[in-house]
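**Q** Sharing upload-v4.cif (mmCIF, C-alpha atoms and all ligand atoms) below.
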data_protein
loop_
_atom_site.label_atom_id
_atom_site.label_comp_id
_atom_site.auth_asym_id
_atom_site.auth_seq_id
_atom_site.Cartn_x
_atom_site.Cartn_y
_atom_site.Cartn_z
CA MET A 1 -19.73 -1.33 -63.16
CA LYS A 2 -17.32 1.46 -62.60
CA TYR A 3 -18.19 5.06 -63.28
CA ALA A 4 -15.65 7.47 -64.51
CA ARG A 5 -16.01 10.63 -62.51
CA PHE A 6 -16.90 13.68 -64.49
CA SER A 7 -16.28 11.58 -67.52
CA PRO A 8 -14.80 13.16 -70.63
CA VAL A 9 -17.83 11.96 -72.51
CA TYR A 10 -19.56 14.93 -70.95
CA GLN A 11 -16.63 17.24 -71.05
CA MET A 12 -16.17 16.65 -74.69
CA ASN A 13 -18.08 18.45 -76.58
CA ARG A 14 -19.75 20.29 -69.46
CA LEU A 15 -29.35 27.78 -57.21
CA LYS A 16 -28.41 28.04 -56.84
CA VAL A 17 -30.70 25.29 -56.19
CA TYR A 18 -32.57 26.21 -53.06
CA ALA A 19 -35.14 27.95 -55.11
CA TRP A 20 -34.95 25.22 -57.67
CA ARG A 21 -35.98 22.75 -55.07
CA ARG A 22 -39.20 24.57 -54.64
CA GLY A 23 -39.59 24.28 -58.34
CA GLY A 24 -41.24 26.68 -60.65
CA ALA A 25 -41.50 30.38 -60.76
CA GLU A 26 -41.91 31.10 -57.09
CA GLY A 27 -38.24 30.57 -56.57
CA ARG A 28 -36.12 33.63 -56.35
CA SER A 29 -34.43 34.45 -59.59
CA GLN A 30 -30.73 34.22 -59.36
CA ALA A 31 -30.08 35.01 -62.87
CA ALA A 32 -27.56 37.53 -63.68
CA GLU A 33 -28.60 39.82 -66.39
CA ARG A 34 -26.26 40.10 -69.26
CA SER A 35 -25.84 43.09 -71.35
CA GLU A 36 -25.18 41.20 -74.51
CA ALA A 37 -24.07 43.66 -77.05
CA ASP A 38 -26.51 42.77 -79.70
CA GLY A 39 -24.98 44.72 -82.46
CA GLY A 40 -25.28 43.62 -86.03
CA PRO A 41 -23.78 40.83 -87.96
CA GLN A 42 -20.86 39.06 -86.44
CA ARG A 43 -17.90 37.50 -88.05
CA GLN A 44 -17.83 33.76 -88.06
CA ASP A 45 -14.97 32.49 -86.01
CA PRO A 46 -12.49 29.90 -87.17
CA ALA A 47 -13.19 26.30 -86.43
CA ALA A 48 -13.33 24.98 -82.94
CA ARG A 49 -10.24 25.30 -80.84
CA THR A 50 -7.96 22.45 -80.13
CA GLY A 51 -7.76 20.83 -76.75
CA ASN A 52 -4.31 22.27 -76.23
CA GLU A 53 -5.37 25.82 -76.05
CA SER A 54 -5.73 27.51 -72.72
CA PRO A 55 -9.32 27.82 -71.64
CA ILE A 56 -8.65 31.32 -70.50
CA LYS A 57 -7.43 33.99 -72.77
CA LYS A 58 -5.77 36.95 -71.28
CA SER A 59 -7.53 40.14 -72.01
CA MET A 60 -6.53 42.13 -74.97
CA LEU A 61 -9.63 44.13 -74.77
CA ASN A 62 -10.91 46.50 -72.28
CA GLU A 63 -13.88 47.95 -70.79
CA SER A 64 -17.19 46.76 -72.02
CA ARG A 65 -20.07 48.22 -70.23
CA PHE A 66 -22.14 45.88 -68.24
CA ARG A 67 -25.06 46.15 -65.94
CA ILE A 68 -25.47 43.97 -62.95
CA CYS A 69 -28.76 42.56 -61.94
CA GLY A 70 -28.93 39.28 -60.13
CA LEU A 71 -26.74 37.27 -58.01
CA VAL A 72 -23.71 35.54 -59.12
CA ALA A 73 -22.18 36.01 -62.44
CA LEU A 74 -22.67 37.91 -65.59
CA ALA A 75 -21.85 36.78 -69.03
CA ILE A 76 -20.82 39.86 -70.79
CA ALA A 77 -20.51 39.91 -74.48
CA LEU A 78 -18.31 42.42 -76.07
CA ILE A 79 -19.36 44.58 -78.90
CA GLY A 80 -18.27 42.75 -81.95
CA CYS A 81 -18.37 44.70 -85.10
CA ASN A 82 -17.04 42.37 -87.70
CA SER A 83 -19.24 41.34 -90.55
CA GLY A 84 -20.06 37.66 -90.99
CA ALA A 85 -22.67 35.02 -90.67
CA ASP A 86 -23.04 34.25 -86.97
CA LYS A 87 -25.60 36.09 -84.90
CA ILE A 88 -26.44 35.91 -81.25
CA TYR A 89 -29.70 34.29 -80.19
CA LYS A 90 -30.72 34.28 -76.57
CA GLU A 91 -33.65 32.97 -74.58
CA SER A 92 -34.38 32.68 -70.90
CA LYS A 93 -36.79 30.70 -68.83
CA ILE A 94 -37.45 30.07 -65.17
CA VAL A 95 -36.60 26.48 -64.49
CA MET A 96 -35.01 24.77 -61.50
CA GLY A 97 -36.20 27.82 -59.63
CA THR A 98 -33.77 30.11 -61.32
CA VAL A 99 -33.54 32.02 -64.55
CA VAL A 100 -31.76 29.91 -67.09
CA GLU A 101 -30.44 31.86 -70.02
CA ILE A 102 -29.04 30.22 -73.10
CA THR A 103 -27.09 32.31 -75.56
CA VAL A 104 -26.07 30.83 -78.87
CA ALA A 105 -24.07 32.22 -81.76
CA HIS A 106 -24.99 30.64 -85.07
CA HIS A 107 -25.67 31.56 -88.66
CA SER A 108 -29.04 29.80 -88.71
CA GLU A 109 -31.71 31.24 -86.47
CA GLU A 110 -33.78 28.10 -86.84
CA GLN A 111 -30.92 25.88 -85.75
CA ALA A 112 -30.05 28.20 -82.90
CA ARG A 113 -33.60 28.32 -81.58
CA SER A 114 -34.19 24.58 -81.77
CA ALA A 115 -30.89 24.01 -79.97
CA ILE A 116 -31.93 26.44 -77.25
CA ALA A 117 -35.27 24.66 -76.89
CA ASP A 118 -33.49 21.33 -76.52
CA GLY A 119 -31.20 22.82 -73.89
CA MET A 120 -34.09 24.26 -71.90
CA SER A 121 -35.85 20.89 -71.95
CA GLU A 122 -32.83 19.33 -70.30
CA PHE A 123 -33.18 21.61 -67.29
CA GLN A 124 -36.79 20.62 -66.91
CA ARG A 125 -35.99 16.94 -67.29
CA ILE A 126 -33.25 17.04 -64.68
CA ASP A 127 -35.38 19.05 -62.27
CA ASP A 128 -38.06 16.37 -62.58
CA LEU A 129 -35.48 13.72 -61.76
CA MET A 130 -33.41 15.32 -59.05
CA SER A 131 -35.47 17.84 -57.09
CA SER A 132 -35.94 16.91 -53.44
CA TYR A 133 -39.03 19.08 -53.40
CA LYS A 134 -40.94 17.40 -56.18
CA PRO A 135 -42.68 14.43 -54.57
CA ASP A 136 -42.57 12.43 -57.78
CA SER A 137 -38.90 12.96 -58.54
CA VAL A 138 -36.57 10.00 -58.42
CA VAL A 139 -34.64 11.61 -55.59
CA SER A 140 -37.83 12.13 -53.58
CA ARG A 141 -38.73 8.50 -54.04
CA VAL A 142 -35.43 7.52 -52.50
CA ASN A 143 -36.00 9.97 -49.66
CA GLN A 144 -39.47 8.61 -49.04
CA SER A 145 -38.28 5.02 -48.87
CA GLY A 146 -36.00 5.59 -45.87
CA SER A 147 -33.97 2.50 -45.10
CA ALA A 148 -36.70 0.19 -46.38
CA GLY A 149 -34.71 -0.94 -49.36
CA LYS A 150 -32.88 0.19 -52.41
CA VAL A 151 -34.75 2.24 -54.99
CA PRO A 152 -33.90 2.00 -58.68
CA VAL A 153 -32.91 5.50 -59.74
CA GLY A 154 -31.73 4.97 -63.29
CA GLU A 155 -28.26 5.39 -64.64
CA GLU A 156 -28.14 9.17 -64.71
CA VAL A 157 -29.22 9.88 -61.14
CA PHE A 158 -27.06 7.00 -60.01
CA ARG A 159 -24.11 8.54 -61.66
CA VAL A 160 -24.68 12.01 -60.21
CA LEU A 161 -24.96 10.45 -56.78
CA ARG A 162 -21.77 8.50 -57.28
CA GLU A 163 -19.99 11.66 -58.30
CA ALA A 164 -21.45 13.63 -55.41
CA VAL A 165 -20.36 11.01 -52.91
CA ALA A 166 -16.91 10.94 -54.47
CA VAL A 167 -16.60 14.69 -53.87
CA SER A 168 -17.77 14.06 -50.32
CA GLY A 169 -14.91 11.63 -49.83
CA ASP A 170 -12.38 13.97 -51.44
CA SER A 171 -13.51 16.85 -49.26
CA GLY A 172 -13.56 14.87 -46.02
CA GLY A 173 -17.33 15.23 -45.81
CA ALA A 174 -17.47 19.00 -46.30
CA PHE A 175 -19.65 18.28 -49.29
CA ASP A 176 -22.47 15.95 -48.39
CA PRO A 177 -25.46 15.15 -50.62
CA THR A 178 -27.24 13.64 -47.61
CA ILE A 179 -27.57 17.09 -46.01
CA TRP A 180 -31.33 16.99 -46.70
CA PRO A 181 -32.62 16.33 -43.14
CA VAL A 182 -30.77 19.44 -42.00
CA SER A 183 -31.18 21.66 -45.07
CA GLN A 184 -34.90 20.97 -44.93
CA LEU A 185 -34.97 22.24 -41.35
CA TRP A 186 -33.39 25.55 -42.27
CA GLY A 187 -35.83 25.96 -45.14
CA PHE A 188 -33.86 28.48 -47.15
CA ASP A 189 -36.04 27.72 -50.13
CA ARG A 190 -38.91 29.39 -48.30
CA GLY A 191 -36.99 32.22 -46.68
CA GLY A 192 -35.34 30.30 -43.90
CA SER A 193 -35.45 30.31 -40.11
CA ILE A 194 -33.20 29.14 -37.31
CA PRO A 195 -34.13 25.55 -36.48
CA ILE A 196 -35.16 24.52 -33.01
CA PRO A 197 -31.87 23.30 -31.47
CA GLU A 198 -33.30 19.93 -30.35
CA LEU A 199 -34.58 19.26 -33.83
CA LEU A 200 -31.21 20.04 -35.32
CA THR A 201 -29.53 17.79 -32.79
CA ASN A 202 -31.88 14.98 -33.75
CA LYS A 203 -31.43 15.42 -37.47
CA LEU A 204 -27.68 15.88 -37.61
CA PRO A 205 -26.80 12.19 -37.13
CA MET A 206 -28.91 11.39 -40.18
CA VAL A 207 -26.45 13.27 -42.37
CA GLY A 208 -23.71 10.99 -43.63
CA TYR A 209 -22.70 10.21 -47.19
CA LYS A 210 -21.04 7.00 -46.02
CA ASN A 211 -24.48 5.63 -45.21
CA VAL A 212 -25.70 5.70 -48.79
CA ILE A 213 -25.88 2.23 -50.30
CA PHE A 214 -25.22 1.82 -54.00
CA ASP A 215 -26.11 -1.16 -56.14
CA ASP A 216 -24.17 -0.67 -59.33
CA SER A 217 -25.77 -3.57 -61.13
CA ALA A 218 -29.31 -2.28 -60.68
CA PHE A 219 -28.60 1.48 -60.51
CA SER A 220 -30.38 1.50 -57.21
CA VAL A 221 -29.72 3.48 -54.07
CA GLY A 222 -30.72 3.13 -50.45
CA PHE A 223 -29.92 4.35 -46.96
CA LYS A 224 -28.43 2.50 -44.03
CA SER A 225 -30.68 4.28 -41.58
CA ASN A 226 -34.08 5.89 -41.43
CA GLY A 227 -34.51 9.61 -41.65
CA MET A 228 -31.78 10.06 -44.23
CA GLY A 229 -32.41 12.05 -47.38
CA LEU A 230 -30.72 13.27 -50.52
CA ASP A 231 -30.24 16.90 -51.46
CA LEU A 232 -28.53 17.38 -54.81
CA GLY A 233 -28.87 21.14 -54.60
CA ALA A 234 -25.13 21.68 -54.75
CA ILE A 235 -24.50 19.70 -57.93
CA ALA A 236 -27.69 19.21 -59.95
CA LYS A 237 -27.75 22.60 -61.57
CA GLY A 238 -24.19 22.14 -62.77
CA TRP A 239 -25.14 18.73 -64.07
CA ALA A 240 -28.10 20.24 -65.92
CA ILE A 241 -25.86 22.88 -67.50
CA ASP A 242 -23.61 20.13 -68.81
CA ARG A 243 -26.45 18.07 -70.22
CA ALA A 244 -28.00 21.13 -71.83
CA MET A 245 -24.66 22.02 -73.39
CA GLU A 246 -24.47 18.54 -74.85
CA LYS A 247 -27.83 19.13 -76.48
CA LEU A 248 -26.56 22.35 -77.99
CA MET A 249 -23.46 20.60 -79.27
CA ALA A 250 -25.57 17.84 -80.77
CA ARG A 251 -27.38 20.53 -82.74
CA GLY A 252 -24.12 21.79 -84.15
CA ILE A 253 -23.68 24.73 -81.82
CA ARG A 254 -20.05 25.57 -81.08
CA LYS A 255 -20.37 28.99 -79.48
CA ALA A 256 -22.66 29.36 -76.54
CA ILE A 257 -23.17 30.33 -72.93
CA ILE A 258 -25.52 28.52 -70.61
CA ASP A 259 -26.14 30.60 -67.53
CA ALA A 260 -28.22 29.11 -64.76
CA GLY A 261 -28.54 31.79 -62.14
CA GLY A 262 -24.96 32.84 -62.59
CA ASP A 263 -23.48 29.36 -62.78
CA LEU A 264 -22.19 29.08 -66.28
CA ARG A 265 -20.56 27.05 -68.91
CA VAL A 266 -19.22 28.54 -72.10
CA ILE A 267 -18.13 26.96 -75.35
CA GLY A 268 -16.23 28.64 -78.13
CA THR A 269 -16.17 32.38 -78.20
CA ARG A 270 -18.29 35.31 -78.93
CA PRO A 271 -18.31 35.92 -82.67
CA GLY A 272 -15.56 38.28 -83.58
CA LYS A 273 -13.75 37.72 -80.28
CA ASP A 274 -11.61 35.01 -78.85
CA PHE A 275 -13.43 34.71 -75.55
CA TRP A 276 -16.65 35.30 -73.70
CA ARG A 277 -16.31 37.76 -70.88
CA ILE A 278 -17.78 36.59 -67.62
CA GLY A 279 -18.21 38.73 -64.52
CA VAL A 280 -18.63 37.47 -60.98
CA GLN A 281 -20.70 39.38 -58.50
CA HIS A 282 -19.07 40.95 -55.49
CA PRO A 283 -20.22 39.00 -52.43
CA ARG A 284 -20.86 42.14 -50.41
CA ASP A 285 -21.91 44.56 -53.12
CA PRO A 286 -24.68 43.22 -55.32
CA GLY A 287 -24.20 46.13 -57.67
CA ALA A 288 -20.54 45.42 -58.36
CA LEU A 289 -18.36 42.78 -59.89
CA ILE A 290 -15.55 41.34 -57.88
CA PHE A 291 -13.72 40.35 -61.05
CA THR A 292 -14.22 39.35 -64.65
CA PHE A 293 -12.65 36.58 -66.70
CA GLU A 294 -12.29 36.12 -70.40
CA LEU A 295 -13.11 32.50 -71.00
CA ARG A 296 -13.70 29.84 -73.56
CA ASP A 297 -14.60 26.19 -73.17
CA THR A 298 -14.91 26.04 -69.44
CA ALA A 299 -17.44 26.07 -66.65
CA ILE A 300 -17.43 28.74 -63.96
CA VAL A 301 -19.58 28.34 -60.88
CA THR A 302 -19.84 30.39 -57.70
CA SER A 303 -21.10 29.42 -54.27
CA GLY A 304 -21.77 32.38 -52.02
CA ASP A 305 -23.27 33.21 -48.67
CA TYR A 306 -25.22 36.02 -50.32
CA GLU A 307 -27.26 33.81 -52.58
CA ARG A 308 -29.81 32.63 -50.08
CA PHE A 309 -29.72 33.97 -46.57
CA PHE A 310 -31.54 35.76 -43.80
CA VAL A 311 -30.21 37.91 -40.98
CA ALA A 312 -31.24 37.39 -37.35
CA ASP A 313 -29.82 39.46 -34.51
CA GLY A 314 -27.22 40.80 -36.86
CA VAL A 315 -26.00 37.34 -37.88
CA ARG A 316 -26.16 36.14 -41.46
CA TYR A 317 -27.56 32.63 -41.85
CA HIS A 318 -27.10 31.19 -45.32
CA HIS A 319 -27.79 28.02 -47.23
CA ILE A 320 -24.35 26.38 -47.45
CA LEU A 321 -24.18 24.18 -44.40
CA ASN A 322 -21.37 22.54 -42.54
CA PRO A 323 -22.43 18.88 -42.34
CA LEU A 324 -20.55 18.48 -39.06
CA THR A 325 -22.47 21.16 -37.22
CA GLY A 326 -25.61 21.64 -39.28
CA GLN A 327 -24.87 25.38 -39.18
CA PRO A 328 -24.06 27.68 -42.10
CA ALA A 329 -20.38 27.37 -42.98
CA ARG A 330 -18.55 30.41 -41.68
CA SER A 331 -15.14 30.58 -43.35
CA CYS A 332 -16.02 32.14 -46.71
CA GLN A 333 -18.07 34.78 -48.43
CA SER A 334 -17.84 33.13 -51.83
CA VAL A 335 -15.97 30.56 -53.86
CA THR A 336 -15.66 30.68 -57.64
CA VAL A 337 -14.49 27.53 -59.39
CA LEU A 338 -13.45 26.95 -62.98
CA ALA A 339 -13.55 23.35 -64.15
CA PRO A 340 -14.06 21.36 -67.33
CA THR A 341 -17.62 20.54 -66.37
CA ALA A 342 -20.25 22.57 -64.56
CA ALA A 343 -21.16 19.60 -62.36
CA GLU A 344 -17.64 19.39 -61.05
CA ALA A 345 -17.36 23.16 -60.66
CA ASP A 346 -20.68 23.23 -58.81
CA ALA A 347 -19.79 20.47 -56.36
CA CYS A 348 -16.27 21.79 -55.83
CA ALA A 349 -17.42 25.35 -55.16
CA THR A 350 -19.74 24.14 -52.43
CA ALA A 351 -17.11 21.83 -50.97
CA ALA A 352 -14.42 24.51 -50.94
CA PHE A 353 -16.84 26.96 -49.37
CA VAL A 354 -17.37 24.63 -46.43
CA LEU A 355 -13.67 23.82 -46.17
CA GLY A 356 -12.63 27.47 -46.03
CA PRO A 357 -9.69 29.26 -47.66
CA SER A 358 -6.81 27.08 -46.57
CA GLU A 359 -8.25 23.58 -46.93
CA GLY A 360 -10.47 24.73 -49.77
CA LEU A 361 -7.50 25.82 -51.86
CA ALA A 362 -5.73 22.53 -51.20
CA PHE A 363 -8.86 20.65 -52.21
CA LEU A 364 -9.24 22.60 -55.45
CA ARG A 365 -5.55 22.36 -56.32
CA ALA A 366 -5.64 18.59 -55.96
CA ARG A 367 -8.15 18.26 -58.79
CA PRO A 368 -6.81 18.23 -62.34
CA GLY A 369 -8.18 21.03 -64.46
CA VAL A 370 -9.81 22.77 -61.51
CA ARG A 371 -8.87 26.22 -60.33
CA GLY A 372 -10.57 28.96 -58.46
CA VAL A 373 -10.66 31.80 -56.03
CA ILE A 374 -11.97 31.88 -52.50
CA ALA A 375 -13.16 35.03 -50.80
CA GLY A 376 -12.61 34.36 -47.12
CA ALA A 377 -14.89 35.52 -44.34
CA ASP A 378 -12.83 38.73 -44.16
CA GLY A 379 -13.21 39.30 -47.89
CA GLN A 380 -9.60 38.50 -48.66
CA LEU A 381 -9.09 36.65 -51.93
CA HIS A 382 -7.20 33.35 -52.11
CA TRP A 383 -6.28 32.07 -55.57
CA THR A 384 -5.37 28.54 -56.55
CA ASP A 385 -2.71 29.97 -58.88
CA THR A 386 -1.24 33.33 -59.61
CA ALA A 387 -1.93 32.97 -63.32
CA LEU A 388 -5.65 32.95 -62.59
CA ALA A 389 -5.30 35.98 -60.35
CA GLU A 390 -3.47 37.79 -63.09
CA MET A 391 -6.09 36.88 -65.66
CA ALA A 392 -8.89 38.24 -63.54
CA ARG A 393 -9.71 41.86 -64.07
CA ARG A 394 -10.82 43.75 -61.05
P1 LIG A 401 -24.45 25.69 -53.91
O1 LIG A 401 -25.25 26.92 -54.07
O2 LIG A 401 -24.12 24.99 -55.20
O3 LIG A 401 -23.26 25.90 -53.07
O4 LIG A 401 -25.38 24.63 -53.18
C1 LIG A 401 -26.02 24.95 -52.00
C2 LIG A 401 -27.18 24.02 -51.83
O5 LIG A 401 -26.69 22.68 -51.69
C3 LIG A 401 -28.00 24.30 -50.62
O6 LIG A 401 -29.10 25.10 -50.91
C4 LIG A 401 -28.39 22.91 -50.15
O7 LIG A 401 -29.48 22.45 -50.92
C5 LIG A 401 -27.22 22.08 -50.54
N1 LIG A 401 -26.16 22.06 -49.53
C6 LIG A 401 -25.98 22.87 -48.46
N2 LIG A 401 -24.85 22.55 -47.79
C7 LIG A 401 -24.31 21.50 -48.47
C8 LIG A 401 -23.15 20.72 -48.26
N3 LIG A 401 -22.30 20.94 -47.26
N4 LIG A 401 -22.90 19.70 -49.14
C9 LIG A 401 -23.74 19.47 -50.18
N5 LIG A 401 -24.86 20.17 -50.39
C10 LIG A 401 -25.14 21.19 -49.56
MG MG A 402 -22.53 23.84 -55.74
#
As a first step, turn the structure in this file into structure tokens.
Ligand code: AMP
Ligand code: MG
**A**
Amino acid sequence: MKYARFSPVYQMNRLKVYAWRRGGAEGRSQAAERSEADGGPQRQDPAARTGNESPIKKSMLNESRFRICGLVALAIALIGCNSGADKIYKESKIVMGTVVEITVAHHSEEQARSAIADGMSEFQRIDDLMSSYKPDSVVSRVNQSGSAGKVPVGEEVFRVLREAVAVSGDSGGAFDPTIWPVSQLWGFDRGGSIPIPELLTNKLPMVGYKNVIFDDSAFSVGFKSNGMGLDLGAIAKGWAIDRAMEKLMARGIRKAIIDAGGDLRVIGTRPGKDFWRIGVQHPRDPGALIFTFELRDTAIVTSGDYERFFVADGVRYHHILNPLTGQPARSCQSVTVLAPTAAEADACATAAFVLGPSEGLAFLRARPGVRGVIAGADGQLHWTDTALAEMARR
């Protein structure tokens, strides 16, 4: 059986995970706080946009005020003053180790709230499936089995793994969902420490996406060698955002933001506006935005070296690892990717981060519908296309 990658079925209608892997509330919140302008009744927008429209609308509007609190991105709603039926409903919850915030615009509070509840449940469900830290998760069962045999993982986990490994291939191994033996050593989920060099040397050969065995007929997965392990930390949160958005759509929601620790997907627009405004945190100034975008119907995900890190002897050690060396990747401060689905944006942001500005841009440009901006190690910005650079407000 062949799996369409990032299939349109999910696009139709798309931890930062370190903390997520620990599960529960002890994880550090990465949520960006939004200053939703919660002013009164909002005008109901026209029907859903057509697929031909640009996902990014150039700004006609200007300064909204926003506060920054948290790590990656802010969804900033503009003050809409038109009268109408849609109102904004918003709820947040700690799940996957991060603050997930779902914002919905709808005329029925009941419908909005039940949609939000459905969306939140999806995060919990996917965490239970894909966390490497939960001993009973499907992914943990694979990790525990070593090379003993293939483990049935079910269609969904199988598919995420297939997609992850495909990104590994496309990125020449910069992205590798078998990074677990090494990521576990660094332990960024619990603060992090420099691994004993011999241990790292021993574990590094166990990282290798080419050594994952797939059985498409049984949706089962195994490893070619012992000591291997899966870490879906760089894609699972994006996947969860997509699944949660599907739940919202199934409840009739057409205007929403799902923000999982600053990784977002938006559909439709804020009532009374023709976009949602999204801000991305400055990688070296937690109190500032590096830029904002005015977006509709897209995912936007950032990988950054500021999300989970510690400093030792003046050196920053962070959670995005180069699978070749087992060390934190050194070429970037952050990578922000826009893509049709959050899963793709999530995986691509991590991959491009490891690849660095030059190869990372080439990698992003090669993917249809994907664009982004890379802040190199020196802070310089590299854009996939000038149109995106022009759309960003700084
Ligand atoms: P992200 O924040 O989406 O860039 O994902 C970072 C997380 O993915 C880390 O906390 C690890 O769990 C995992 N990870 C680290 N390095 C890699 C890599 N090179 N490829 C895939 N996953 C990685
Ligand atoms: Mg990622």
**Q** Given all atoms listed in the file as the basis, pick out the residue of A:Phe293, A:Phe353, A:Phe309, A:Phe363 nearest to Glu390 of chain A.
**A**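 Selected residue with least distance to Glu390 of chain A: A:Phe293.
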**Q** Pick out the residues sitting within 9 Å of Gly227 of chain A, and hand them over as a compact mmCIF listing (two decimals) with C-alpha atoms, in the coordinates of the input; count all atoms listed in the file, and ignore anything fewer than 2 positions along from it in its own chain.
**A**
# COMPACT_ATOMS: atom_id res chain seq x y z
CA ASN A 143 -36.00 9.97 -49.66
CA GLN A 144 -39.47 8.61 -49.04
CA GLY A 146 -36.00 5.59 -45.87
CA SER A 147 -33.97 2.50 -45.10
CA PRO A 181 -32.62 16.33 -43.14
CA LYS A 203 -31.43 15.42 -37.47
CA MET A 206 -28.91 11.39 -40.18
CA VAL A 207 -26.45 13.27 -42.37
CA PHE A 223 -29.92 4.35 -46.96
CA SER A 225 -30.68 4.28 -41.58
CA GLY A 229 -32.41 12.05 -47.38
**Q** Residues proximal to (-16.4, 23.6, -52.6) were defined as those with any atom within 10 Å of that point in the file's coordinates, counting all atoms listed in the file. Which are they, as a ChimeraX atom specification?
**A** /A:167-168,171,174-175,234,302-303,320,334-337,344-356,359-361,363-364,372,374
**Q** Between A:Asp176, A:Asp305, A:Glu110, A:Asp274, which is the closest to ligand LIG 401 (chain A) once you count only C-alpha atoms and all ligand atoms?
**A**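 Answer, going by the shortest atom-to-atom distance: A:Asp176.
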**Q** Mind pulling up the distance from atom CA of Ala377 of chain A to atom CA of Cys332 of chain A?
**A**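 Interatomic distance here is 4.3 Å.
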**Q** Counting all atoms listed in the file, figure out which residue out of A:Val301, A:Val138, A:Ala389, A:Val212 gets nearest to Leu264 of chain A.
**A** A:Val301
**Q** Quick check, in Å to one decimal: how far apart do atom CA of Gly379 of chain A and atom CA of Thr292 of chain A lie?
**A**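 One can read the atom CA of Gly379 of chain A to atom CA of Thr292 of chain A distance as 16.8 Å.
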**Q** Please determine, counting only C-alpha atoms and all ligand atoms, which residue among A:Pro197, A:Gly272, A:Gly238, A:Pro340 has the shortest atom-to-atom distance to ligand MG 402 (chain A).
**A** A:Gly238
**Q** For each of A:Ala329, A:Ala343, A:Met391, A:Ile179, take the minimum atom-to-atom distance to ligand MG 402 (chain A), counting only C-alpha atoms and all ligand atoms, then give the residue where this is smallest.
**A**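 Nearest to ligand MG 402 (chain A): A:Ala343.
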**Q** Restricting the calculation to only C-alpha atoms and all ligand atoms: of A:Asn211, A:Gln124, A:Ser217, A:Thr325, which residue gets closest to ligand LIG 401 (chain A)?
**A**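 Smallest separation from ligand LIG 401 (chain A) among the options: A:Thr325.
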**Q** Give me, as a VMD selection string, all polymer residues having an atom no more than 9 Å from Tyr317 of chain A, counting all atoms listed in the file and skipping those fewer than 6 positions away in the same chain.
**A** chain A and resid 192 to 194 305 308 to 311 327 to 329
**Q** Go ahead and write the selection's residues with C-alpha atoms as a PDB file, keeping the file's coordinate frame.
**A**
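This went into part06.pdb:
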ATOM      1  CA  GLY A 192     -35.340  30.300 -43.900  1.00  0.00           C
ATOM      2  CA  SER A 193     -35.450  30.310 -40.110  1.00  0.00           C
ATOM      3  CA  ILE A 194     -33.200  29.140 -37.310  1.00  0.00           C
ATOM      4  CA  ASP A 305     -23.270  33.210 -48.670  1.00  0.00           C
ATOM      5  CA  ARG A 308     -29.810  32.630 -50.080  1.00  0.00           C
ATOM      6  CA  PHE A 309     -29.720  33.970 -46.570  1.00  0.00           C
ATOM      7  CA  PHE A 310     -31.540  35.760 -43.800  1.00  0.00           C
ATOM      8  CA  VAL A 311     -30.210  37.910 -40.980  1.00  0.00           C
ATOM      9  CA  GLN A 327     -24.870  25.380 -39.180  1.00  0.00           C
ATOM     10  CA  PRO A 328     -24.060  27.680 -42.100  1.00  0.00           C
ATOM     11  CA  ALA A 329     -20.380  27.370 -42.980  1.00  0.00           C
TER      12      ALA A 329
END
**Q** Which polymer residues, protein or nucleic acid, are no farther than 6 Å from (-19.6, 11.7, -46.7), counting only C-alpha atoms, as a JSON list (two decimals) with C-alpha atoms, in the frame of the given file?
**A**
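Done, and the output landed in selection.json:
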[["chain", "number", "residue", "atom", "x", "y", "z"],
["A", 168, "SER", "CA", -17.77, 14.06, -50.32],
["A", 169, "GLY", "CA", -14.91, 11.63, -49.83],
["A", 173, "GLY", "CA", -17.33, 15.23, -45.81],
["A", 176, "ASP", "CA", -22.47, 15.95, -48.39],
["A", 208, "GLY", "CA", -23.71, 10.99, -43.63],
["A", 209, "TYR", "CA", -22.70, 10.21, -47.19],
["A", 210, "LYS", "CA", -21.04, 7.00, -46.02]]
**Q** Residues near Arg284 of chain A, anyone? I mean within 9 Å using only C-alpha atoms, not counting same-chain ones fewer than 2 positions away, as a compact mmCIF listing (two decimals) with C-alpha atoms, keeping the file's coordinate frame.
**A**
# COMPACT_ATOMS: atom_id res chain seq x y z
CA GLN A 281 -20.70 39.38 -58.50
CA HIS A 282 -19.07 40.95 -55.49
CA PRO A 286 -24.68 43.22 -55.32
CA GLY A 287 -24.20 46.13 -57.67
CA ALA A 288 -20.54 45.42 -58.36
CA TYR A 306 -25.22 36.02 -50.32
CA GLN A 333 -18.07 34.78 -48.43
CA GLY A 379 -13.21 39.30 -47.89
**Q** Could you check how far atom CA of Leu232 of chain A sits from atom CA of Ala256 of chain A, in Å to one decimal?
**A**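 So the answer is 25.5 Å.
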